[in-house]
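Heads up, protein.txt below (compact mmCIF, C-alpha atoms):
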```txt
# COMPACT_ATOMS: atom_id res chain seq x y z
CA MET A 1 -55.76 -30.49 5.40
CA GLN A 2 -58.73 -28.60 3.88
CA LEU A 3 -56.43 -25.68 3.09
CA PHE A 4 -54.15 -28.07 1.22
CA TYR A 5 -57.07 -29.43 -0.82
CA PHE A 6 -58.20 -25.88 -1.58
CA PHE A 7 -54.73 -25.09 -2.95
CA ILE A 8 -54.88 -28.22 -5.12
CA TYR A 9 -58.22 -27.14 -6.56
CA ILE A 10 -56.77 -23.72 -7.38
CA PHE A 11 -53.89 -25.42 -9.17
CA GLU A 12 -56.27 -27.65 -11.14
CA ALA A 13 -58.25 -24.54 -12.11
CA ILE A 14 -55.05 -22.94 -13.47
CA VAL A 15 -54.27 -26.08 -15.47
CA ALA A 16 -57.80 -26.09 -16.92
CA TYR A 17 -57.48 -22.43 -17.93
CA LEU A 18 -54.07 -22.97 -19.57
CA TYR A 19 -55.32 -26.03 -21.42
CA PHE A 20 -58.45 -24.41 -22.86
CA SER A 21 -56.71 -21.09 -23.62
CA ASP A 22 -54.00 -23.00 -25.51
CA ASN A 23 -56.57 -24.79 -27.65
CA TYR A 24 -59.48 -22.35 -28.02
CA LYS A 25 -60.03 -18.61 -28.30
CA GLU A 26 -61.53 -16.82 -25.32
CA ARG A 27 -65.02 -15.42 -25.85
CA ILE A 28 -65.13 -13.21 -22.77
CA LYS A 29 -62.70 -10.81 -21.10
CA LYS A 30 -60.28 -12.10 -18.48
CA ALA A 31 -61.87 -9.74 -15.98
CA TYR A 32 -64.95 -12.02 -16.11
CA LEU A 33 -63.21 -15.28 -17.02
CA PHE A 34 -61.14 -15.68 -13.86
CA PRO A 35 -64.00 -14.98 -11.41
CA ILE A 36 -66.12 -17.57 -13.25
CA LEU A 37 -63.25 -20.06 -13.05
CA PHE A 38 -62.75 -19.39 -9.34
CA VAL A 39 -66.46 -19.72 -8.50
CA LEU A 40 -66.84 -22.99 -10.44
CA TYR A 41 -63.81 -24.60 -8.77
CA LEU A 42 -64.87 -23.24 -5.38
CA ILE A 43 -68.20 -25.05 -5.89
CA ALA A 44 -66.28 -28.21 -6.81
CA PHE A 45 -64.21 -27.83 -3.63
CA LEU A 46 -67.30 -27.38 -1.45
CA VAL A 47 -68.99 -30.39 -3.08
CA ASN A 48 -65.88 -32.43 -2.31
CA ILE A 49 -66.08 -31.45 1.37
CA TYR A 50 -69.81 -32.14 1.54
CA ALA A 51 -69.41 -35.56 -0.15
CA ASN A 52 -66.51 -36.41 2.17
CA ASN A 53 -64.06 -36.83 -0.75
CA THR A 54 -66.14 -39.50 -2.50
CA SER A 55 -64.35 -40.53 -5.70
CA TYR A 56 -67.25 -40.78 -8.16
CA VAL A 57 -68.77 -37.51 -6.89
CA ASN A 58 -65.44 -35.74 -7.48
CA GLU A 59 -65.22 -37.14 -10.99
CA ILE A 60 -68.72 -36.03 -11.97
CA THR A 61 -68.18 -32.60 -10.39
CA MET A 62 -64.90 -32.01 -12.20
CA LEU A 63 -66.43 -33.07 -15.51
CA VAL A 64 -69.34 -30.67 -15.09
CA VAL A 65 -67.15 -27.80 -13.88
CA ASN A 66 -64.72 -28.04 -16.81
CA PHE A 67 -67.61 -28.39 -19.25
CA LEU A 68 -69.33 -25.25 -17.93
CA PHE A 69 -66.07 -23.31 -17.79
CA SER A 70 -65.13 -24.13 -21.39
CA LYS A 71 -68.63 -23.46 -22.77
CA ILE A 72 -69.04 -20.15 -20.97
CA CYS A 73 -65.56 -18.75 -21.53
CA PHE A 74 -64.29 -20.16 -24.85
CA ASN A 75 -65.42 -20.53 -28.47
CA ILE A 76 -65.93 -24.27 -28.34
CA SER A 77 -68.68 -26.59 -29.51
CA THR A 78 -70.65 -28.73 -27.05
CA LYS A 79 -69.17 -31.91 -28.50
CA SER A 80 -65.59 -30.60 -28.18
CA SER A 81 -66.30 -29.30 -24.70
CA ILE A 82 -67.48 -32.73 -23.55
CA PHE A 83 -64.46 -34.39 -25.17
CA HIS A 84 -61.85 -32.08 -23.66
CA SER A 85 -63.50 -32.04 -20.24
CA SER A 86 -63.49 -35.83 -20.29
CA PHE A 87 -59.86 -35.81 -21.42
CA LEU A 88 -58.84 -33.55 -18.52
CA LEU A 89 -60.70 -35.78 -16.10
CA ALA A 90 -59.02 -38.89 -17.51
CA VAL A 91 -55.56 -37.34 -17.28
CA LEU A 92 -56.23 -36.02 -13.77
CA PHE A 93 -57.26 -39.32 -12.20
CA SER A 94 -54.84 -41.40 -14.29
CA ALA A 95 -52.01 -39.20 -13.02
CA GLU A 96 -53.09 -39.84 -9.41
CA LEU A 97 -53.37 -43.62 -9.83
CA ILE A 98 -50.24 -44.07 -11.92
CA THR A 99 -48.15 -41.80 -9.70
CA SER A 100 -49.16 -43.66 -6.54
CA ALA A 101 -48.47 -47.05 -8.14
CA MET A 102 -45.17 -45.97 -9.71
CA MET A 103 -43.84 -44.35 -6.53
CA SER A 104 -44.75 -47.42 -4.52
CA TYR A 105 -43.07 -49.72 -7.06
CA LEU A 106 -39.91 -47.67 -7.69
CA LEU A 107 -39.26 -46.72 -4.07
CA HIS A 108 -40.44 -50.03 -2.61
CA ILE A 109 -42.73 -48.20 -0.21
CA PRO A 110 -46.21 -49.54 0.64
CA LEU A 111 -49.12 -47.26 -0.24
CA ASP A 112 -50.15 -47.20 3.43
CA ALA A 113 -46.85 -45.52 4.31
CA TYR A 114 -47.88 -42.36 2.50
CA ARG A 115 -51.05 -42.06 4.54
CA GLU A 116 -49.08 -42.21 7.79
CA SER A 117 -46.99 -39.16 6.93
CA PHE A 118 -48.63 -35.85 6.05
CA SER A 119 -45.51 -34.53 4.32
CA ALA A 120 -45.20 -37.70 2.24
CA PHE A 121 -48.87 -37.48 1.29
CA VAL A 122 -48.50 -33.83 0.24
CA ILE A 123 -45.40 -34.59 -1.85
CA LEU A 124 -47.14 -37.52 -3.55
CA VAL A 125 -50.17 -35.38 -4.42
CA VAL A 126 -47.94 -32.59 -5.72
CA ILE A 127 -46.07 -35.09 -7.92
CA SER A 128 -49.36 -36.35 -9.38
CA LYS A 129 -50.53 -32.78 -10.07
CA THR A 130 -47.19 -31.96 -11.71
CA VAL A 131 -47.65 -35.00 -13.96
CA TYR A 132 -51.18 -33.79 -14.74
CA PHE A 133 -49.87 -30.33 -15.61
CA PHE A 134 -47.00 -31.76 -17.69
CA VAL A 135 -49.25 -34.02 -19.80
CA CYS A 136 -51.85 -31.29 -20.44
CA LYS A 137 -49.24 -28.73 -21.49
CA LEU A 138 -47.43 -31.29 -23.64
CA ILE A 139 -50.63 -32.15 -25.53
CA SER A 140 -51.41 -28.45 -26.03
CA HIS A 141 -47.84 -27.76 -27.13
CA PHE A 142 -48.09 -30.14 -30.09
CA PHE A 143 -51.77 -29.83 -31.03
CA SER A 144 -52.76 -26.26 -30.14
CA TYR A 145 -54.44 -24.07 -32.77
CA LYS A 146 -51.81 -21.43 -31.94
CA LYS A 147 -49.05 -22.17 -34.40
CA LEU A 148 -45.77 -21.08 -32.86
CA SER A 149 -42.76 -20.05 -34.88
CA GLU A 150 -39.88 -22.52 -34.91
CA ALA A 151 -37.90 -20.40 -32.44
CA ASP A 152 -40.85 -20.07 -30.02
CA PHE A 153 -41.63 -23.79 -30.35
CA LYS A 154 -38.05 -24.75 -29.47
CA ARG A 155 -37.89 -22.26 -26.60
CA THR A 156 -41.14 -23.56 -25.12
CA SER A 157 -40.03 -27.19 -25.60
CA VAL A 158 -37.00 -26.56 -23.39
CA LEU A 159 -39.33 -25.48 -20.56
CA PHE A 160 -40.68 -29.03 -20.26
CA ILE A 161 -37.36 -30.01 -18.68
CA TYR A 162 -38.37 -28.15 -15.52
CA PRO A 163 -41.49 -30.19 -14.60
CA LEU A 164 -39.51 -33.38 -15.27
CA MET A 165 -36.75 -32.17 -12.95
CA THR A 166 -39.40 -31.19 -10.39
CA ILE A 167 -40.89 -34.68 -10.48
CA ALA A 168 -37.41 -36.22 -10.04
CA MET A 169 -36.58 -33.90 -7.12
CA LEU A 170 -39.91 -34.50 -5.37
CA THR A 171 -39.54 -38.26 -5.85
CA THR A 172 -36.22 -38.11 -4.02
CA LEU A 173 -37.79 -35.95 -1.33
CA LEU A 174 -40.70 -38.38 -1.02
CA TYR A 175 -38.36 -41.33 -0.52
CA ALA A 176 -36.37 -39.48 2.14
CA SER A 177 -39.47 -38.31 4.03
CA VAL A 178 -40.82 -41.87 4.29
CA LYS A 179 -37.57 -43.75 4.93
CA TYR A 180 -36.15 -41.39 7.50
CA ASN A 181 -37.69 -39.97 10.61
CA PHE A 182 -37.75 -36.27 9.79
CA SER A 183 -38.43 -33.72 12.47
CA ARG A 184 -41.64 -31.69 12.38
CA GLU A 185 -39.73 -28.66 11.10
CA LEU A 186 -38.09 -30.66 8.33
CA ASN A 187 -41.44 -32.16 7.29
CA MET A 188 -42.91 -28.67 7.04
CA ALA A 189 -39.91 -27.58 4.97
CA CYS A 190 -40.61 -30.48 2.58
CA VAL A 191 -44.25 -29.43 2.30
CA VAL A 192 -43.31 -25.80 1.60
CA LEU A 193 -40.71 -26.88 -0.98
CA SER A 194 -43.32 -29.02 -2.74
CA PHE A 195 -45.74 -26.10 -2.89
CA LEU A 196 -43.08 -23.74 -4.21
CA SER A 197 -42.01 -26.25 -6.86
CA ILE A 198 -45.48 -26.62 -8.34
CA VAL A 199 -46.14 -22.85 -8.16
CA PHE A 200 -42.91 -22.06 -9.98
CA CYS A 201 -43.66 -24.79 -12.50
CA CYS A 202 -46.87 -22.97 -13.43
CA PHE A 203 -45.20 -19.58 -13.31
CA ILE A 204 -42.50 -20.29 -15.91
CA PHE A 205 -45.07 -21.49 -18.45
CA ILE A 206 -47.45 -18.60 -17.76
CA TYR A 207 -44.56 -16.13 -17.99
CA ASN A 208 -43.38 -17.67 -21.26
CA GLN A 209 -46.92 -17.40 -22.63
CA TRP A 210 -47.03 -13.74 -21.58
CA VAL A 211 -43.66 -13.03 -23.26
CA GLN A 212 -44.86 -14.63 -26.52
CA LYS A 213 -48.03 -12.56 -26.38
CA GLN A 214 -46.02 -9.36 -25.82
CA GLN A 215 -43.78 -10.16 -28.78
CA LEU A 216 -46.81 -10.82 -30.97
CA GLU A 217 -48.41 -7.55 -29.88
CA LEU A 218 -45.21 -5.65 -30.64
CA MET A 219 -45.00 -7.21 -34.10
CA THR A 220 -48.68 -6.45 -34.69
CA LEU A 221 -48.11 -2.86 -33.56
CA GLN A 222 -45.16 -2.61 -35.91
CA THR A 223 -47.26 -3.93 -38.80
CA LEU A 224 -49.99 -1.37 -38.04
CA LYS A 225 -47.35 1.34 -37.93
CA GLU A 226 -46.07 0.23 -41.33
CA LYS A 227 -49.62 0.22 -42.71
CA ASP A 228 -50.21 3.75 -41.43
CA GLU A 229 -47.00 4.89 -43.06
CA LEU A 230 -47.96 3.11 -46.27
CA ASN A 231 -51.40 4.75 -46.31
CA ARG A 232 -49.90 8.17 -45.58
CA THR A 233 -47.37 7.70 -48.37
CA PHE A 234 -50.12 6.47 -50.67
CA TYR A 235 -52.10 9.70 -50.22
CA GLN A 236 -48.96 11.75 -50.72
CA LEU A 237 -48.30 9.76 -53.87
CA LEU A 238 -51.86 10.37 -55.11
CA GLU A 239 -51.47 14.08 -54.48
CA GLN A 240 -48.15 14.10 -56.30
CA LYS A 241 -49.59 12.11 -59.23
CA ASN A 242 -52.61 14.43 -59.43
CA GLU A 243 -50.31 17.42 -59.59
CA GLU A 244 -48.25 15.73 -62.28
CA GLN A 245 -51.41 14.89 -64.23
CA ARG A 246 -52.49 18.54 -64.09
CA VAL A 247 -49.08 19.58 -65.40
CA LEU A 248 -49.26 16.87 -68.07
CA THR A 249 -52.73 18.01 -69.17
CA HIS A 250 -51.49 21.59 -69.41
CA ASP A 251 -48.41 20.53 -71.42
CA ILE A 252 -50.41 18.28 -73.75
CA LYS A 253 -52.54 21.24 -74.80
CA HIS A 254 -49.41 23.08 -75.88
CA HIS A 255 -47.97 20.00 -77.57
CA LEU A 256 -51.19 19.37 -79.51
CA PHE A 257 -51.30 23.02 -80.56
CA ALA A 258 -47.70 22.79 -81.75
CA ILE A 259 -48.33 19.52 -83.63
CA SER A 260 -51.46 20.91 -85.29
CA ALA A 261 -49.37 23.71 -86.75
CA MET A 262 -46.96 21.23 -88.39
CA ASN A 263 -47.45 19.97 -91.95
CA ASP A 264 -44.41 17.73 -92.40
CA THR A 265 -44.78 14.11 -91.15
CA THR A 266 -41.09 13.81 -90.37
CA GLU A 267 -41.22 16.99 -88.32
CA ILE A 268 -44.20 15.64 -86.36
CA LYS A 269 -42.41 12.32 -85.66
CA ASN A 270 -39.27 14.11 -84.50
CA TYR A 271 -41.33 16.36 -82.23
CA ILE A 272 -43.13 13.38 -80.65
CA SER A 273 -39.83 11.56 -80.14
CA GLY A 274 -38.49 14.64 -78.44
CA ILE A 275 -41.33 14.90 -75.92
CA ASN A 276 -41.49 11.13 -75.12
CA PRO A 277 -38.82 11.31 -72.36
CA ASP A 278 -40.83 14.06 -70.67
CA LEU A 279 -44.01 11.96 -70.82
CA GLU A 280 -42.34 8.81 -69.46
CA LYS A 281 -41.76 10.43 -66.07
CA TYR A 282 -45.54 10.47 -65.56
CA GLN A 283 -45.89 6.72 -65.93
CA TYR A 284 -47.16 4.75 -62.94
CA ILE A 285 -44.40 2.67 -61.38
CA GLY A 286 -44.71 -1.06 -60.74
CA ARG A 287 -47.29 -2.70 -62.98
CA THR A 288 -47.14 -6.10 -61.29
CA ASN A 289 -50.84 -7.13 -61.28
CA ASN A 290 -50.56 -7.16 -57.48
CA LYS A 291 -52.14 -3.98 -56.14
CA MET A 292 -50.49 -4.16 -52.73
CA LEU A 293 -47.08 -4.84 -54.27
CA ASP A 294 -47.60 -1.91 -56.66
CA LEU A 295 -48.47 0.34 -53.74
CA ILE A 296 -45.42 -0.73 -51.75
CA LEU A 297 -43.10 -0.25 -54.73
CA ASN A 298 -44.57 3.19 -55.38
CA LYS A 299 -44.03 4.17 -51.77
CA TYR A 300 -40.35 3.27 -51.81
CA SER A 301 -39.86 4.70 -55.31
CA MET A 302 -41.11 8.03 -54.01
CA LEU A 303 -38.93 7.79 -50.90
CA ALA A 304 -35.93 6.94 -53.08
CA LYS A 305 -36.60 9.93 -55.32
CA ASN A 306 -36.91 12.28 -52.34
CA GLU A 307 -33.77 10.95 -50.62
CA GLY A 308 -31.54 10.56 -53.68
CA ILE A 309 -31.44 6.75 -53.51
CA GLU A 310 -31.35 4.63 -56.66
CA PHE A 311 -34.17 2.11 -56.25
CA LYS A 312 -34.92 -0.60 -58.80
CA ALA A 313 -37.56 -3.34 -58.57
CA ASP A 314 -37.04 -6.27 -60.94
CA ILE A 315 -40.28 -8.27 -60.68
CA ARG A 316 -39.67 -11.10 -63.10
CA THR A 317 -41.87 -14.19 -62.95
CA SER A 318 -43.47 -13.75 -59.51
CA ASN A 319 -45.55 -10.88 -58.17
CA LEU A 320 -45.81 -12.50 -54.69
CA LEU A 321 -49.59 -12.93 -54.95
CA PHE A 322 -49.36 -16.04 -52.76
CA ILE A 323 -48.57 -13.78 -49.77
CA ASP A 324 -51.51 -12.11 -48.01
CA ASP A 325 -51.58 -8.31 -48.14
CA ASN A 326 -51.00 -7.89 -44.38
CA ASP A 327 -48.01 -10.22 -44.46
CA LEU A 328 -46.66 -8.61 -47.63
CA VAL A 329 -46.74 -5.17 -45.99
CA SER A 330 -44.90 -6.53 -42.95
CA LEU A 331 -42.36 -8.54 -44.96
CA LEU A 332 -41.43 -5.96 -47.62
CA GLY A 333 -41.85 -3.06 -45.20
CA ASN A 334 -39.20 -4.48 -42.88
CA LEU A 335 -36.90 -5.64 -45.69
CA LEU A 336 -36.96 -2.34 -47.59
CA ASP A 337 -36.88 -0.18 -44.43
CA ASN A 338 -33.68 -1.96 -43.40
CA ALA A 339 -32.25 -1.66 -46.92
CA PHE A 340 -33.08 2.06 -47.20
CA GLU A 341 -31.66 2.79 -43.76
CA ALA A 342 -28.34 1.23 -44.74
CA ALA A 343 -28.33 2.83 -48.22
CA ARG A 344 -28.89 6.35 -46.83
CA THR A 345 -25.46 6.40 -45.18
CA SER A 346 -23.63 4.59 -47.97
CA THR A 347 -21.65 6.10 -50.83
CA GLN A 348 -23.50 4.39 -53.70
CA LYS A 349 -27.01 4.78 -52.22
CA LYS A 350 -28.54 1.82 -54.08
CA VAL A 351 -31.39 -0.59 -53.31
CA LEU A 352 -32.41 -3.42 -55.62
CA MET A 353 -35.36 -5.76 -55.14
CA ILE A 354 -35.64 -8.91 -57.27
CA THR A 355 -38.22 -11.68 -57.43
CA ASN A 356 -37.78 -14.82 -59.47
CA ASN A 357 -39.82 -18.01 -59.92
CA GLU A 358 -38.13 -21.33 -60.56
CA LYS A 359 -40.51 -24.33 -60.70
CA SER A 360 -42.08 -24.54 -57.22
CA PHE A 361 -39.69 -22.03 -55.66
CA VAL A 362 -39.86 -18.24 -55.47
CA LEU A 363 -36.75 -16.25 -54.64
CA LEU A 364 -37.09 -12.78 -53.11
CA SER A 365 -33.85 -10.81 -52.89
CA VAL A 366 -33.19 -7.33 -51.53
CA ILE A 367 -29.72 -5.92 -52.18
CA ASN A 368 -28.52 -2.62 -50.78
CA SER A 369 -25.32 -0.66 -50.62
CA CYS A 370 -23.81 -0.42 -47.17
CA SER A 371 -21.21 1.84 -45.55
CA SER A 372 -20.10 -0.63 -42.88
CA VAL A 373 -20.09 -4.31 -42.02
CA PRO A 374 -23.40 -5.42 -40.39
CA VAL A 375 -23.38 -5.94 -36.61
CA ILE A 376 -23.82 -9.60 -35.66
CA ASP A 377 -24.50 -11.09 -32.23
CA ASN A 378 -24.80 -14.89 -31.83
CA ASP A 379 -25.28 -15.30 -35.60
CA LYS A 380 -28.16 -12.81 -35.49
CA LEU A 381 -28.31 -9.40 -37.15
CA VAL A 382 -28.41 -6.57 -34.63
CA SER A 383 -30.73 -3.67 -35.43
CA THR A 384 -29.21 -0.19 -35.64
CA LYS A 385 -32.57 1.62 -35.63
CA THR A 386 -32.98 4.48 -33.20
CA ASP A 387 -36.56 3.44 -32.29
CA LYS A 388 -35.84 1.15 -29.33
CA ARG A 389 -39.48 0.06 -29.02
CA PHE A 390 -39.04 -2.11 -32.11
CA HIS A 391 -35.38 -2.96 -31.56
CA GLY A 392 -34.68 -6.25 -33.35
CA TYR A 393 -38.32 -7.00 -34.10
CA GLY A 394 -37.99 -6.15 -37.80
CA THR A 395 -35.72 -9.11 -38.46
CA LYS A 396 -37.87 -11.36 -36.26
CA SER A 397 -40.97 -10.28 -38.16
CA ILE A 398 -39.27 -11.05 -41.50
CA GLU A 399 -38.30 -14.53 -40.31
CA LYS A 400 -41.73 -15.20 -38.82
CA THR A 401 -43.56 -14.14 -42.00
CA ALA A 402 -41.18 -16.08 -44.23
CA GLU A 403 -41.65 -19.20 -42.11
CA LYS A 404 -45.43 -18.87 -42.46
CA TYR A 405 -45.05 -19.31 -46.23
CA ASN A 406 -42.42 -22.09 -46.06
CA GLY A 407 -39.64 -19.58 -46.63
CA VAL A 408 -36.01 -19.87 -45.62
CA CYS A 409 -34.04 -16.69 -44.86
CA GLN A 410 -30.38 -16.29 -45.74
CA TRP A 411 -28.14 -13.24 -45.87
CA ASN A 412 -24.58 -12.37 -46.79
CA PHE A 413 -22.36 -9.31 -47.02
CA ASN A 414 -20.05 -8.63 -49.97
CA GLU A 415 -17.14 -6.64 -48.55
CA ASN A 416 -15.61 -6.00 -51.98
CA GLU A 417 -18.80 -4.38 -53.34
CA MET A 418 -19.96 -3.19 -49.91
CA GLU A 419 -23.38 -4.72 -50.57
CA PHE A 420 -25.74 -6.50 -48.22
CA HIS A 421 -27.86 -9.32 -49.70
CA TYR A 422 -30.99 -10.64 -47.96
CA ASN A 423 -32.59 -13.65 -49.69
CA ILE A 424 -35.79 -15.52 -48.90
CA LEU A 425 -36.50 -18.78 -50.74
CA PHE A 426 -40.18 -19.74 -50.66
CA ASN A 427 -41.31 -23.30 -51.35
CA LYS A 428 -44.87 -22.88 -52.66
```
Once more with this new file: its structure as structure tokens, please.
Amino acid sequence: MQLFYFFIYIFEAIVAYLYFSDNYKERIKKAYLFPILFVLYLIAFLVNIYANNTSYVNEITMLVVNFLFSKICFNISTKSSIFHSSFLLAVLFSAELITSAMMSYLLHIPLDAYRESFSAFVILVVISKTVYFFVCKLISHFFSYKKLSEADFKRTSVLFIYPLMTIAMLTTLLYASVKYNFSRELNMACVVLSFLSIVFCCFIFIYNQWVQKQQLELMTLQTLKEKDELNRTFYQLLEQKNEEQRVLTHDIKHHLFAISAMNDTTEIKNYISGINPDLEKYQYIGRTNNKMLDLILNKYSMLAKNEGIEFKADIRTSNLLFIDDNDLVSLLGNLLDNAFEAARTSTQKKVLMITNNEKSFVLLSVINSCSSVPVIDNDKLVSTKTDKRFHGYGTKSIEKTAEKYNGVCQWNFNENEMEFHYNILFNK
């Protein structure tokens, strides 16, 4: 029996960790966090044994343990720590009381019947802990500081079906174990099944949380990679511009010498008109009053020049200043990388970027020539990049960034013109 209670305390510790990690940022490394959590709940378990499972002692102990755990391991104020520790305590004991009452009412089984059967008692406790876990995760799902993307939110929402199914299955098992005279082996099988159910219930949510974290890390890594490329291109661009400025300075000396030797005004005007086209190639590209946007446009203008791609940026009434620099690098980096990759193998080799502002909406469009019809799988674009580490994450990153700024993504392919259009409509 003590081993069973120890397992329950471990489960409650996991629920506490998931709840606080969903709602607050960790202040210490997990290498220290989990030992602290284990020690605190081990103390609570030992106090429970010493107090002979006295109700009010358990309540006070759990409140103190969760308070200490949250204060030591998370960035949380004392007031919030007291509130959330009290909330966990309220949900924990409410789940036990309500589960016992509901099972007794629905199954028409006296409460005393559960105490006469160890397997029934275990199943009832596991049901109450599953309810506790379900409520805590549900609250975190809707009110956590971690804002999930729409796709991640929907995917996580589907997972809540499993604890509900677990509760339904264990309720049926509970009824059968009390109503029918199971053998000792069958009772043990029921106990093991209950344990496995609650363990797997925790596992699927922890695994989903790990997958989301891995995706976020991959997208962050991709953004850092894009920033490194942007910085490297920026320095190349500076070097190129410096060289051009040196050439321009050298040429201007000759032009000024030639002009000084002229006496006729018409001759001077004609000479200046003749050298204007040569001077225009030294102009800085992309005067948008958004430094990061200018830098990005210069990067891709240089790439286009080196690779023989016609690149035009039509920045009309919006310079995308409402988008943070980090997000702008990620958004345009992925959009233009995809566009350039497709344009390289096309016949026309064209990329066009357009921004337009209409009332409270901003439209960002990237149009590129394409040699073949885009690959689609389940209404999703399939990446053709050779770098498998970031396979498909470019499009996900675009959608995630657009969603952050109330943007809606839409794309279409014009087979007649062999052009791919990617549009994002932002509602500012």
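Note that the spacing between CA of Phe118 (chain A) and CA of Ile98 (chain A) amounts to 19.8 Å.
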Please provide the set of residues having any atom within 9 Å of region 188-196 of chain A, restricted to all atoms listed in the file, with same-chain residues fewer than 3 positions apart removed, written as a PyMOL selection string.
-> chain A and resi 118-120+122-123+126-127+166+170+173-174+177+183-185+199-201
Output C-alpha atoms of each residue in that selection to a file, as a PDB file, keeping the file's coordinate frame.
```pdb
ATOM      1  CA  PHE A 118     -48.630 -35.850   6.050  1.00  0.00           C
ATOM      2  CA  SER A 119     -45.510 -34.530   4.320  1.00  0.00           C
ATOM      3  CA  ALA A 120     -45.200 -37.700   2.240  1.00  0.00           C
ATOM      4  CA  VAL A 122     -48.500 -33.830   0.240  1.00  0.00           C
ATOM      5  CA  ILE A 123     -45.400 -34.590  -1.850  1.00  0.00           C
ATOM      6  CA  VAL A 126     -47.940 -32.590  -5.720  1.00  0.00           C
ATOM      7  CA  ILE A 127     -46.070 -35.090  -7.920  1.00  0.00           C
ATOM      8  CA  THR A 166     -39.400 -31.190 -10.390  1.00  0.00           C
ATOM      9  CA  LEU A 170     -39.910 -34.500  -5.370  1.00  0.00           C
ATOM     10  CA  LEU A 173     -37.790 -35.950  -1.330  1.00  0.00           C
ATOM     11  CA  LEU A 174     -40.700 -38.380  -1.020  1.00  0.00           C
ATOM     12  CA  SER A 177     -39.470 -38.310   4.030  1.00  0.00           C
ATOM     13  CA  SER A 183     -38.430 -33.720  12.470  1.00  0.00           C
ATOM     14  CA  ARG A 184     -41.640 -31.690  12.380  1.00  0.00           C
ATOM     15  CA  GLU A 185     -39.730 -28.660  11.100  1.00  0.00           C
ATOM     16  CA  VAL A 199     -46.140 -22.850  -8.160  1.00  0.00           C
ATOM     17  CA  PHE A 200     -42.910 -22.060  -9.980  1.00  0.00           C
ATOM     18  CA  CYS A 201     -43.660 -24.790 -12.500  1.00  0.00           C
TER      19      CYS A 201
END
```
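Separating CA of Thr401 (chain A) from CA of Ile323 (chain A) is a distance of 9.3 Å.
Taking CA of Thr156 (chain A) and CA of Asn23 (chain A) as the two end points, the separation is 15.7 Å.
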Residue contacts of Ile139 (chain A) (10 Å, all atoms listed in the file) excluding same-chain residues fewer than 4 positions away, as a PyMOL selection string = chain A and resi 19+22-23+134-135+143-144
Could you give me, as a PyMOL selection string, the residues within 12 Å of Glu307 (chain A), counting all atoms listed in the file and dropping anything in the same chain fewer than 5 positions from it?
-> chain A and resi 300-302+340-341+343-345+349-350
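The residue that comes closest to Pro374 (chain A), out of A:Val57, A:Leu92, A:Ala339, A:Ala402 and on the basis of all atoms listed in the file, is A:Ala339.
Remark: for Ile109 (chain A), the closest of the candidate residues A:Ala95, A:Leu363, A:Val178, A:Leu89 is A:Val178 (distances computed over all atoms listed in the file).
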Please return, as a list in words, all polymer residues that have at least one atom within 7 Å of the point (-32.5, -10.1, -58.4); use all atoms listed in the file and the file's own coordinate frame.
-> Asp314, Met353, Ile354, Thr355 and Ser365 of chain A
Once you count only C-alpha atoms, which residues end up no further than 12 Å from (-52.8, -25.0, -1.9) in the file's frame, shown as a short mmCIF file (atom, residue, chain, number, x, y, z; two decimals) with C-alpha atoms, keeping the file's coordinate frame?
```cif
data_model
loop_
_atom_site.label_atom_id
_atom_site.label_comp_id
_atom_site.auth_asym_id
_atom_site.auth_seq_id
_atom_site.Cartn_x
_atom_site.Cartn_y
_atom_site.Cartn_z
CA MET A 1 -55.76 -30.49 5.40
CA GLN A 2 -58.73 -28.60 3.88
CA LEU A 3 -56.43 -25.68 3.09
CA PHE A 4 -54.15 -28.07 1.22
CA TYR A 5 -57.07 -29.43 -0.82
CA PHE A 6 -58.20 -25.88 -1.58
CA PHE A 7 -54.73 -25.09 -2.95
CA ILE A 8 -54.88 -28.22 -5.12
CA TYR A 9 -58.22 -27.14 -6.56
CA ILE A 10 -56.77 -23.72 -7.38
CA PHE A 11 -53.89 -25.42 -9.17
CA GLU A 12 -56.27 -27.65 -11.14
CA ALA A 13 -58.25 -24.54 -12.11
CA ILE A 14 -55.05 -22.94 -13.47
CA PHE A 45 -64.21 -27.83 -3.63
CA VAL A 122 -48.50 -33.83 0.24
CA VAL A 125 -50.17 -35.38 -4.42
CA VAL A 126 -47.94 -32.59 -5.72
CA LYS A 129 -50.53 -32.78 -10.07
CA VAL A 191 -44.25 -29.43 2.30
CA VAL A 192 -43.31 -25.80 1.60
CA SER A 194 -43.32 -29.02 -2.74
CA PHE A 195 -45.74 -26.10 -2.89
CA LEU A 196 -43.08 -23.74 -4.21
CA SER A 197 -42.01 -26.25 -6.86
CA ILE A 198 -45.48 -26.62 -8.34
CA VAL A 199 -46.14 -22.85 -8.16
#
```
Using only C-alpha atoms, the shortest atom-to-atom distance to Asn75 (chain A) among A:Asn334, A:Ser117, A:Glu96, A:Phe20 belongs to A:Phe20
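The list of residues with at least one atom within 8 Å of Lys137 (chain A), based on only C-alpha atoms and without residues fewer than 4 positions apart in the same chain, reads Leu18, Tyr19, Phe133 and His141 of chain A.
The closest residue to Cys136 (chain A), picked from A:Val15, A:Met262, A:Leu159, A:Leu331 and counting only C-alpha atoms, is A:Val15.
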Tell me which of A:Val366, A:Ile259, A:Ala16, A:Met165 sits closest to Phe69 (chain A), counting all atoms listed in the file.
-> A:Ala16
